[in-house]
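Colleague: Following this line is final_28.txt, made up of compact mmCIF, C-alpha atoms:
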```txt
# COMPACT_ATOMS: atom_id res chain seq x y z
CA MET A 1 -13.24 13.11 -17.30
CA HIS A 2 -10.66 14.94 -15.20
CA ASN A 3 -8.21 13.18 -12.92
CA LEU A 4 -9.96 13.12 -9.51
CA ILE A 5 -7.17 13.95 -7.06
CA ASN A 6 -7.15 12.69 -3.46
CA ALA A 7 -5.71 15.92 -2.09
CA PHE A 8 -9.22 17.45 -1.92
CA PRO A 9 -8.25 20.73 -0.16
CA LEU A 10 -6.31 21.68 -3.28
CA TYR A 11 -9.58 22.12 -5.20
CA ASN A 12 -10.23 25.00 -2.81
CA PHE A 13 -6.66 26.30 -3.20
CA LEU A 14 -7.06 26.21 -6.99
CA LYS A 15 -10.13 28.43 -6.63
CA TYR A 16 -8.05 30.98 -4.70
CA CYS A 17 -5.29 30.81 -7.34
CA ASN A 18 -7.80 31.23 -10.19
CA ALA A 19 -9.05 34.43 -8.51
CA SER A 20 -5.51 35.90 -8.36
CA SER A 21 -4.23 38.26 -11.04
CA LEU A 22 -0.70 36.78 -10.95
CA GLU A 23 0.51 34.66 -13.86
CA LYS A 24 -0.35 30.99 -13.60
CA VAL A 25 2.97 29.47 -12.45
CA VAL A 26 2.78 26.90 -9.65
CA LEU A 27 5.25 24.74 -7.71
CA ASP A 28 4.33 21.51 -5.88
CA CYS A 29 6.83 20.56 -3.15
CA GLY A 30 6.48 16.82 -2.70
CA ALA A 31 5.00 16.41 -6.16
CA GLY A 32 5.42 12.68 -6.72
CA GLY A 33 3.11 9.68 -6.45
CA SER A 34 0.57 7.99 -8.67
CA ASN A 35 -2.12 10.70 -8.46
CA PRO A 36 -0.30 14.06 -8.73
CA PRO A 37 -2.35 17.16 -7.78
CA LEU A 38 -0.33 19.09 -10.38
CA SER A 39 -2.48 17.33 -12.99
CA LEU A 40 -5.38 19.51 -11.77
CA PHE A 41 -3.39 22.73 -12.20
CA HIS A 42 -2.16 21.53 -15.59
CA GLU A 43 -5.78 20.98 -16.63
CA PHE A 44 -6.53 24.60 -15.68
CA GLY A 45 -3.73 25.97 -17.86
CA TYR A 46 -1.04 26.50 -15.21
CA GLU A 47 2.67 26.28 -15.97
CA THR A 48 3.52 23.51 -13.51
CA TYR A 49 6.73 22.64 -11.66
CA GLY A 50 7.30 20.02 -9.00
CA ILE A 51 10.08 18.75 -6.81
CA GLU A 52 10.20 15.36 -5.13
CA ILE A 53 12.91 13.92 -2.87
CA CYS A 54 11.81 10.27 -2.98
CA LYS A 55 12.94 8.26 -6.03
CA GLU A 56 10.04 5.80 -5.74
CA GLN A 57 7.46 8.60 -5.76
CA LEU A 58 9.26 10.17 -8.74
CA LYS A 59 9.01 6.89 -10.61
CA LYS A 60 5.27 6.70 -9.92
CA VAL A 61 4.61 10.23 -11.12
CA ASN A 62 6.66 9.65 -14.25
CA GLU A 63 4.54 6.59 -14.99
CA PHE A 64 1.41 8.72 -14.52
CA CYS A 65 2.74 11.42 -16.88
CA ASN A 66 3.71 8.84 -19.51
CA SER A 67 0.30 7.15 -19.35
CA LYS A 68 -1.49 10.51 -19.78
CA SER A 69 1.08 11.93 -22.23
CA ILE A 70 1.53 15.11 -20.20
CA ASP A 71 4.67 16.77 -18.82
CA LEU A 72 4.23 18.27 -15.35
CA ASN A 73 7.94 19.29 -15.00
CA ILE A 74 8.58 17.27 -11.87
CA ILE A 75 12.24 16.80 -10.96
CA GLU A 76 14.22 15.43 -8.04
CA GLY A 77 14.65 18.10 -5.39
CA ASP A 78 14.69 18.98 -1.71
CA MET A 79 12.19 21.53 -0.39
CA THR A 80 14.65 22.71 2.26
CA ASN A 81 16.91 23.89 -0.58
CA ILE A 82 14.79 24.73 -3.62
CA HIS A 83 16.74 25.13 -6.86
CA PHE A 84 14.70 28.00 -8.26
CA LYS A 85 15.48 31.69 -8.08
CA ASN A 86 13.75 34.16 -5.75
CA GLU A 87 10.14 35.09 -6.52
CA PHE A 88 9.86 32.68 -9.45
CA PHE A 89 6.41 31.30 -8.55
CA SER A 90 2.97 32.83 -8.11
CA PHE A 91 1.61 29.81 -6.28
CA LEU A 92 3.08 27.01 -4.25
CA TYR A 93 1.68 24.12 -2.25
CA SER A 94 2.99 21.26 -0.21
CA TYR A 95 0.34 18.73 0.71
CA ASN A 96 0.78 16.47 3.76
CA THR A 97 4.57 16.78 3.61
CA SER A 98 4.93 18.34 7.07
CA VAL A 99 3.54 15.09 8.51
CA HIS A 100 6.77 13.14 8.01
CA MET A 101 9.38 15.94 8.31
CA ARG A 102 11.04 17.09 11.51
CA LYS A 103 9.60 20.42 12.63
CA VAL A 104 12.98 22.15 12.37
CA ASP A 105 13.29 21.00 8.74
CA PHE A 106 9.79 22.07 7.77
CA SER A 107 10.51 25.49 9.21
CA VAL A 108 13.47 25.77 6.79
CA ALA A 109 11.18 24.64 3.95
CA LEU A 110 8.67 27.39 4.83
CA ALA A 111 11.44 29.99 4.54
CA GLU A 112 12.26 28.56 1.11
CA PHE A 113 8.55 28.70 0.10
CA TYR A 114 8.60 32.38 1.08
CA ARG A 115 11.77 33.04 -0.91
CA VAL A 116 10.62 31.51 -4.20
CA LEU A 117 7.12 33.08 -4.09
CA LYS A 118 6.31 36.42 -5.69
CA HIS A 119 4.81 39.18 -3.55
CA GLY A 120 1.05 38.68 -3.63
CA GLY A 121 1.64 34.97 -4.20
CA LEU A 122 -0.28 32.23 -2.43
CA CYS A 123 0.95 29.20 -0.51
CA TYR A 124 -1.02 26.18 0.74
CA VAL A 125 0.41 24.04 3.54
CA ASN A 126 -1.17 21.65 6.01
CA PHE A 127 -0.25 19.92 9.25
CA LEU A 128 -1.35 17.02 11.42
CA SER A 129 -3.13 18.28 14.52
CA GLU A 130 -2.55 16.86 17.99
CA ASP A 131 -6.18 15.65 17.86
CA CYS A 132 -5.10 12.72 15.64
CA ASP A 133 -5.14 9.09 16.72
CA THR A 134 -1.45 8.91 15.72
CA PHE A 135 -0.57 11.48 18.41
CA ASP A 136 1.41 9.97 21.27
CA LYS A 137 2.05 6.70 19.37
CA GLY A 138 5.65 5.55 19.08
CA VAL A 139 8.79 7.03 20.64
CA GLN A 140 8.66 10.77 21.27
CA ILE A 141 11.82 12.42 19.91
CA ALA A 142 10.73 16.05 20.32
CA HIS A 143 7.51 17.86 21.23
CA GLY A 144 4.75 16.38 19.04
CA GLU A 145 7.27 14.33 17.02
CA PHE A 146 7.04 10.53 17.23
CA ARG A 147 9.21 7.84 15.69
CA ASN A 148 7.43 4.69 14.58
CA ILE A 149 8.48 1.56 12.73
CA GLU A 150 6.23 0.64 9.80
CA ASN A 151 7.06 -2.32 7.55
CA GLY A 152 10.56 -2.37 9.04
CA GLU A 153 11.21 1.28 8.21
CA GLU A 154 11.42 4.30 10.49
CA VAL A 155 8.59 6.79 9.99
CA ILE A 156 8.23 10.15 11.76
CA TYR A 157 4.79 11.60 12.60
CA CYS A 158 4.76 15.31 13.50
CA HIS A 159 1.73 16.87 15.16
CA TYR A 160 1.14 20.55 15.74
CA LYS A 161 -0.95 22.57 18.12
CA ASP A 162 -3.36 25.05 16.53
CA GLU A 163 -1.45 28.05 17.89
CA GLU A 164 2.02 26.60 17.32
CA VAL A 165 1.74 26.65 13.52
CA LYS A 166 1.01 30.35 13.26
CA LYS A 167 4.36 31.18 14.87
CA ILE A 168 6.35 29.68 12.00
CA PHE A 169 4.72 31.64 9.15
CA HIS A 170 7.24 34.50 9.14
CA GLY A 171 6.23 37.19 6.63
CA PHE A 172 3.10 35.36 5.52
CA ASP A 173 -0.45 36.54 6.12
CA ILE A 174 -2.99 33.80 6.91
CA ILE A 175 -5.99 34.38 4.64
CA TYR A 176 -7.68 30.99 5.10
CA ASN A 177 -7.40 28.47 7.91
CA GLU A 178 -9.35 25.23 8.19
CA LYS A 179 -9.28 22.63 10.91
CA ARG A 180 -10.61 19.27 9.75
CA ILE A 181 -11.41 16.48 12.19
CA ILE A 182 -12.23 13.30 10.31
CA ARG A 183 -13.66 10.06 11.67
CA ARG A 184 -13.71 7.07 9.35
CA LYS A 185 -15.46 3.85 10.26
CA ILE A 186 -13.10 0.86 10.16
CA ASN A 187 -15.52 -1.87 11.25
CA GLU A 188 -18.66 -2.28 13.37
CA ARG A 189 -16.89 -1.22 16.55
CA GLU A 190 -13.93 0.92 15.54
CA GLU A 191 -13.33 4.26 13.91
CA TYR A 192 -10.14 6.06 13.02
CA LYS A 193 -9.72 9.75 13.81
CA SER A 194 -7.41 12.04 11.88
CA ALA A 195 -7.18 15.81 12.16
CA TYR A 196 -5.53 18.43 9.98
CA LEU A 197 -4.74 22.12 10.06
CA ASP A 198 -4.87 23.66 6.57
CA TYR A 199 -3.62 27.12 5.69
CA ILE A 200 -3.66 29.39 2.67
CA LEU A 201 -0.97 32.04 3.10
CA LEU A 202 -0.34 35.28 1.26
CA LYS A 203 3.17 36.67 0.78
CA LYS A 204 2.68 40.37 1.45
CA MET B 1 -11.18 21.80 -18.24
CA HIS B 2 -13.81 20.47 -15.84
CA ASN B 3 -16.34 22.68 -14.07
CA LEU B 4 -14.67 23.46 -10.70
CA ILE B 5 -17.53 23.17 -8.21
CA ASN B 6 -17.65 25.18 -4.98
CA ALA B 7 -19.15 22.31 -2.98
CA PHE B 8 -15.64 20.86 -2.39
CA PRO B 9 -16.67 18.04 0.01
CA LEU B 10 -18.53 16.43 -2.89
CA TYR B 11 -15.21 15.59 -4.57
CA ASN B 12 -14.64 13.30 -1.60
CA PHE B 13 -18.21 11.94 -1.79
CA LEU B 14 -17.69 11.21 -5.51
CA LYS B 15 -14.64 9.12 -4.59
CA TYR B 16 -16.79 7.06 -2.21
CA CYS B 17 -19.47 6.64 -4.91
CA ASN B 18 -16.87 5.62 -7.52
CA ALA B 19 -15.69 2.86 -5.16
CA SER B 20 -19.23 1.44 -4.80
CA SER B 21 -20.45 -1.44 -6.94
CA LEU B 22 -23.98 0.03 -7.28
CA GLU B 23 -25.08 1.47 -10.61
CA LYS B 24 -24.23 5.12 -11.12
CA VAL B 25 -27.56 6.83 -10.41
CA VAL B 26 -27.45 9.93 -8.23
CA LEU B 27 -29.96 12.46 -6.87
CA ASP B 28 -29.10 16.02 -5.76
CA CYS B 29 -31.69 17.51 -3.39
CA GLY B 30 -31.33 21.27 -3.74
CA ALA B 31 -29.73 20.94 -7.16
CA GLY B 32 -30.12 24.47 -8.51
CA GLY B 33 -27.81 27.45 -8.83
CA SER B 34 -25.21 28.63 -11.29
CA ASN B 35 -22.55 26.03 -10.43
CA PRO B 36 -24.35 22.69 -10.02
CA PRO B 37 -22.36 19.87 -8.37
CA LEU B 38 -24.30 17.41 -10.55
CA SER B 39 -22.07 18.58 -13.41
CA LEU B 40 -19.21 16.73 -11.67
CA PHE B 41 -21.19 13.48 -11.44
CA HIS B 42 -22.32 13.92 -15.06
CA GLU B 43 -18.66 14.25 -16.08
CA PHE B 44 -17.96 10.90 -14.35
CA GLY B 45 -20.71 9.10 -16.26
CA TYR B 46 -23.46 9.15 -13.64
CA GLU B 47 -27.16 9.20 -14.54
CA THR B 48 -28.07 12.43 -12.75
CA TYR B 49 -31.33 13.66 -11.23
CA GLY B 50 -31.97 16.79 -9.23
CA ILE B 51 -34.81 18.50 -7.43
CA GLU B 52 -34.95 22.17 -6.53
CA ILE B 53 -37.71 24.05 -4.71
CA CYS B 54 -36.61 27.61 -5.57
CA LYS B 55 -37.64 28.91 -9.02
CA GLU B 56 -34.74 31.39 -9.18
CA GLN B 57 -32.18 28.64 -8.52
CA LEU B 58 -33.91 26.47 -11.13
CA LYS B 59 -33.58 29.27 -13.67
CA LYS B 60 -29.86 29.62 -12.93
CA VAL B 61 -29.17 25.90 -13.32
CA ASN B 62 -31.15 25.79 -16.55
CA GLU B 63 -28.99 28.63 -17.90
CA PHE B 64 -25.88 26.65 -16.87
CA CYS B 65 -27.15 23.51 -18.63
CA ASN B 66 -28.03 25.46 -21.79
CA SER B 67 -24.62 27.16 -21.89
CA LYS B 68 -22.84 23.79 -21.55
CA SER B 69 -25.33 21.85 -23.70
CA ILE B 70 -25.85 19.20 -21.04
CA ASP B 71 -29.03 17.86 -19.43
CA LEU B 72 -28.70 17.14 -15.71
CA ASN B 73 -32.42 16.21 -15.25
CA ILE B 74 -33.15 18.86 -12.65
CA ILE B 75 -36.83 19.49 -11.97
CA GLU B 76 -38.89 21.46 -9.48
CA GLY B 77 -39.41 19.43 -6.32
CA ASP B 78 -39.57 19.36 -2.54
CA MET B 79 -37.10 17.16 -0.64
CA THR B 80 -39.65 16.55 2.12
CA ASN B 81 -41.84 14.79 -0.47
CA ILE B 82 -39.63 13.32 -3.18
CA HIS B 83 -41.49 12.22 -6.32
CA PHE B 84 -39.40 9.15 -6.99
CA LYS B 85 -40.18 5.57 -6.05
CA ASN B 86 -38.56 3.65 -3.19
CA GLU B 87 -34.92 2.60 -3.64
CA PHE B 88 -34.55 4.32 -7.02
CA PHE B 89 -31.13 5.88 -6.33
CA SER B 90 -27.71 4.47 -5.48
CA PHE B 91 -26.38 7.82 -4.28
CA LEU B 92 -27.91 11.00 -2.95
CA TYR B 93 -26.55 14.24 -1.58
CA SER B 94 -27.93 17.48 -0.24
CA TYR B 95 -25.28 20.16 0.18
CA ASN B 96 -25.80 23.01 2.67
CA THR B 97 -29.59 22.66 2.48
CA SER B 98 -30.07 21.90 6.19
CA VAL B 99 -28.70 25.38 6.93
CA HIS B 100 -31.91 27.17 5.92
CA MET B 101 -34.52 24.49 6.73
CA ARG B 102 -36.30 24.06 10.06
CA LYS B 103 -34.91 21.04 11.91
CA VAL B 104 -38.28 19.29 11.92
CA ASP B 105 -38.48 19.64 8.12
CA PHE B 106 -34.95 18.39 7.51
CA SER B 107 -35.71 15.36 9.63
CA VAL B 108 -38.62 14.56 7.24
CA ALA B 109 -36.23 15.06 4.30
CA LEU B 110 -33.78 12.56 5.82
CA ALA B 111 -36.54 9.94 6.02
CA GLU B 112 -37.25 10.60 2.34
CA PHE B 113 -33.54 10.26 1.49
CA TYR B 114 -33.61 6.88 3.24
CA ARG B 115 -36.73 5.79 1.35
CA VAL B 116 -35.46 6.59 -2.17
CA LEU B 117 -31.99 5.08 -1.61
CA LYS B 118 -31.13 1.49 -2.44
CA HIS B 119 -29.71 -0.74 0.30
CA GLY B 120 -25.95 -0.26 0.23
CA GLY B 121 -26.50 3.24 -1.15
CA LEU B 122 -24.63 6.30 0.05
CA CYS B 123 -25.90 9.66 1.23
CA TYR B 124 -23.95 12.89 1.85
CA VAL B 125 -25.45 15.57 4.08
CA ASN B 126 -23.94 18.45 6.03
CA PHE B 127 -24.95 20.83 8.80
CA LEU B 128 -23.89 24.12 10.32
CA SER B 129 -22.22 23.58 13.67
CA GLU B 130 -22.89 25.71 16.73
CA ASP B 131 -19.26 26.88 16.44
CA CYS B 132 -20.26 29.25 13.62
CA ASP B 133 -20.25 33.03 13.89
CA THR B 134 -23.90 32.99 12.78
CA PHE B 135 -24.85 31.05 15.94
CA ASP B 136 -26.91 33.13 18.36
CA LYS B 137 -27.48 35.91 15.77
CA GLY B 138 -31.09 36.97 15.14
CA VAL B 139 -34.26 35.83 16.88
CA GLN B 140 -34.17 32.32 18.30
CA ILE B 141 -37.30 30.42 17.24
CA ALA B 142 -36.24 26.95 18.46
CA HIS B 143 -33.05 25.39 19.82
CA GLY B 144 -30.23 26.38 17.47
CA GLU B 145 -32.68 27.94 14.96
CA PHE B 146 -32.42 31.68 14.36
CA ARG B 147 -34.53 33.97 12.20
CA ASN B 148 -32.72 36.83 10.50
CA ILE B 149 -33.72 39.49 8.00
CA GLU B 150 -31.37 39.73 5.00
CA ASN B 151 -32.12 42.17 2.15
CA GLY B 152 -35.66 42.53 3.47
CA GLU B 153 -36.30 38.77 3.44
CA GLU B 154 -36.58 36.32 6.30
CA VAL B 155 -33.75 33.77 6.43
CA ILE B 156 -33.45 30.89 8.89
CA TYR B 157 -30.05 29.67 10.13
CA CYS B 158 -30.05 26.24 11.81
CA HIS B 159 -27.09 25.08 13.86
CA TYR B 160 -26.53 21.62 15.22
CA LYS B 161 -24.51 20.15 18.06
CA ASP B 162 -22.07 17.40 17.10
CA GLU B 163 -24.02 14.76 19.03
CA GLU B 164 -27.47 16.04 18.04
CA VAL B 165 -27.08 15.18 14.36
CA LYS B 166 -26.36 11.50 14.91
CA LYS B 167 -29.76 11.02 16.56
CA ILE B 168 -31.68 11.88 13.38
CA PHE B 169 -29.97 9.35 11.06
CA HIS B 170 -32.49 6.54 11.61
CA GLY B 171 -31.43 3.39 9.75
CA PHE B 172 -28.25 4.93 8.38
CA ASP B 173 -24.73 3.94 9.32
CA ILE B 174 -22.20 6.79 9.59
CA ILE B 175 -19.13 5.73 7.58
CA TYR B 176 -17.44 9.15 7.34
CA ASN B 177 -17.79 12.21 9.53
CA GLU B 178 -15.83 15.43 9.17
CA LYS B 179 -15.99 18.57 11.25
CA ARG B 180 -14.61 21.60 9.44
CA ILE B 181 -13.87 24.85 11.24
CA ILE B 182 -12.98 27.56 8.74
CA ARG B 183 -11.59 31.03 9.40
CA ARG B 184 -11.47 33.46 6.48
CA LYS B 185 -9.73 36.80 6.75
CA ILE B 186 -12.09 39.68 5.94
CA ASN B 187 -9.69 42.60 6.46
CA GLU B 188 -6.60 43.46 8.54
CA ARG B 189 -8.48 43.11 11.82
CA GLU B 190 -11.40 40.80 11.22
CA GLU B 191 -11.96 37.18 10.33
CA TYR B 192 -15.13 35.20 9.76
CA LYS B 193 -15.58 31.78 11.32
CA SER B 194 -17.85 29.11 9.87
CA ALA B 195 -18.11 25.49 10.95
CA TYR B 196 -19.69 22.46 9.34
CA LEU B 197 -20.50 18.87 10.18
CA ASP B 198 -20.27 16.61 7.11
CA TYR B 199 -21.50 13.04 6.96
CA ILE B 200 -21.39 10.17 4.52
CA LEU B 201 -24.09 7.68 5.43
CA LEU B 202 -24.69 4.11 4.31
CA LYS B 203 -28.19 2.65 4.04
CA LYS B 204 -27.74 -0.81 5.50
```
As structure tokens - that is how I would like this structure written.

Modeller:
Amino acid sequence: MHNLINAFPLYNFLKYCNASSLEKVVLDCGAGGSNPPLSLFHEFGYETYGIEICKEQLKKVNEFCNSKSIDLNIIEGDMTNIHFKNEFFSFLYSYNTSVHMRKVDFSVALAEFYRVLKHGGLCYVNFLSEDCDTFDKGVQIAHGEFRNIENGEEVIYCHYKDEEVKKIFHGFDIIYNEKRIIRRKINEREEYKSAYLDYILLKK
Amino acid sequence: MHNLINAFPLYNFLKYCNASSLEKVVLDCGAGGSNPPLSLFHEFGYETYGIEICKEQLKKVNEFCNSKSIDLNIIEGDMTNIHFKNEFFSFLYSYNTSVHMRKVDFSVALAEFYRVLKHGGLCYVNFLSEDCDTFDKGVQIAHGEFRNIENGEEVIYCHYKDEEVKKIFHGFDIIYNEKRIIRRKINEREEYKSAYLDYILLKK
């Protein structure tokens, strides 16, 4: 039985990667947590690398790797300053990380994704859309960026307009774009709406 | 390495099924083809059943099962007249089948899905949205239903409005609803847009 990951759009990204002729080397930016998507790529024979900035998430992913006796090569690292040389990776993804990063910082990260990817390489990124219920909640600190307090800690939520995202993909070609609007029932009267913009990008 | 299915939303449906306390018995309506989603449920220990109306799709799935030496229990059958007794299944899904069925027929199928599901059971179905590029192509034979000729054969495409679908779920509770709008690049100038309405339903 494979490890069923929660980051479902990456099953689709894996299909795109499998169809590529580039060697199977993949980087996950924001690779920590108790259910690492890199486990899926590992299962399919990829050479996996991951960086994670949060010590707690690193601890969780190390526990996962120990319990499964696999090494996914996940180290501490900052996606705005990736410690790998140019064009090292064929594939790269960063799932849900733009949600809690300032837009200016994620734009720097995207330039780093471009730098470390080979030509012909593929990149998956996604964004919260303005159609989310979290839009306009909390204190607005910049356009679409809201500061909230959750469990006593400051949390940023960044939302993007459909057209806004495309302007920050310098040098990338958009080969796949999906907008997902999800409504989950909470109780008899309430539902929760979330909305995402997913992209698969090609470095030309 | 597990069999990577193309019906990606069923990874999410599997997660919902795994969280249910009902016994692991699942039916796929439209279960044929060379990459059967039932293989995923089989991998996770489900007792699988499938019906398929098209002999060619049945042949393909039988070849798949023979090559993998697994038995998914897929037989010839019509989802508008399911040959199983009431409340036999805990889970049921029918992926992309509403696309090529007349609306009046799919409505009969939904009543059958309801009949064969246990109370507390879960059902996944999806629909083409009117936001698709295939909308309004071909000869309109009823609202949202278009007849096209592909490779010399008649093919029906049925599109639904967001609000229209909810009216045909008699007795079901909608616990998850996702609208997916997908744009795939075809060449330098063209892209293809498809759009789906996905539902996870609970039989109360």

Colleague: Determine which residues of chain B sit within 7 Å of chain A, taking into account all atoms listed in the file, and present them as a ChimeraX atom specification.

Modeller: /B:1-2,8,11-12,43-44,175-185

Colleague: Given the point (-25.0, 31.9, 13.2) in the file's coordinates, find the residues that have an atom at most 9 Å from it, counting all atoms listed in the file, and give them as number ranges by chain.

Modeller: B: 128-138, 144-146, 157-159, 194

Colleague: Tell me which of B:Leu122, B:Tyr114, B:Lys161, B:Val139 sits closest to Ala19 of chain B, counting all atoms listed in the file.

Modeller: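 Nearest candidate to Ala19 of chain B out of B:Leu122, B:Tyr114, B:Lys161, B:Val139: B:Leu122.
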
Colleague: What does the distance from atom CA of Val99 of chain B to atom CA of Ile156 of chain B come to in Å, to one decimal?

Modeller: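 Atom CA of Ile156 of chain B lies at a distance of 7.5 Å from atom CA of Val99 of chain B.
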
Colleague: What lies within 8 Å of Thr48 of chain B using only C-alpha atoms, ignoring chain neighbours under 6 positions off, as a compact mmCIF listing (two decimals) with C-alpha atoms, in the coordinates of the input?

Modeller:
```
# COMPACT_ATOMS: atom_id res chain seq x y z
CA VAL B 25 -27.56 6.83 -10.41
CA VAL B 26 -27.45 9.93 -8.23
CA LEU B 27 -29.96 12.46 -6.87
CA ASP B 28 -29.10 16.02 -5.76
CA LEU B 38 -24.30 17.41 -10.55
CA PHE B 41 -21.19 13.48 -11.44
CA HIS B 42 -22.32 13.92 -15.06
CA LEU B 72 -28.70 17.14 -15.71
CA ASN B 73 -32.42 16.21 -15.25
```

Colleague: For atom CA of Phe88 of chain A and atom CA of Asp71 of chain A, determine how far apart the two atoms are, in Å to one decimal place.

Modeller: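 We find that atom CA of Phe88 of chain A and atom CA of Asp71 of chain A lie 19.2 Å from each other.
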
Colleague: For Lys60 of chain A, work out the shell of residues within 10 Å, counting only C-alpha atoms and skipping chain neighbours fewer than 3 positions away, then give it as a count of residues only.

Modeller: 12

Colleague: Show me, as a list in words, the residues that have an atom within 9 Å of Lys204 of chain B when counting all atoms listed in the file, minus same-chain residues fewer than 3 positions from it.

Modeller: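 So, after excluding close chain neighbours, the residues are Lys118, His119, Gly120, Gly121, Gly171, Phe172 and Asp173 of chain B.
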
Colleague: Export C-alpha atoms of the chosen residues as a PDB file, keeping the file's coordinate frame?

Modeller:
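Saved file part_25.pdb follows:
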```
ATOM      1  CA  LYS B 118     -31.130   1.490  -2.440  1.00  0.00           C
ATOM      2  CA  HIS B 119     -29.710  -0.740   0.300  1.00  0.00           C
ATOM      3  CA  GLY B 120     -25.950  -0.260   0.230  1.00  0.00           C
ATOM      4  CA  GLY B 121     -26.500   3.240  -1.150  1.00  0.00           C
ATOM      5  CA  GLY B 171     -31.430   3.390   9.750  1.00  0.00           C
ATOM      6  CA  PHE B 172     -28.250   4.930   8.380  1.00  0.00           C
ATOM      7  CA  ASP B 173     -24.730   3.940   9.320  1.00  0.00           C
TER       8      ASP B 173
END
```
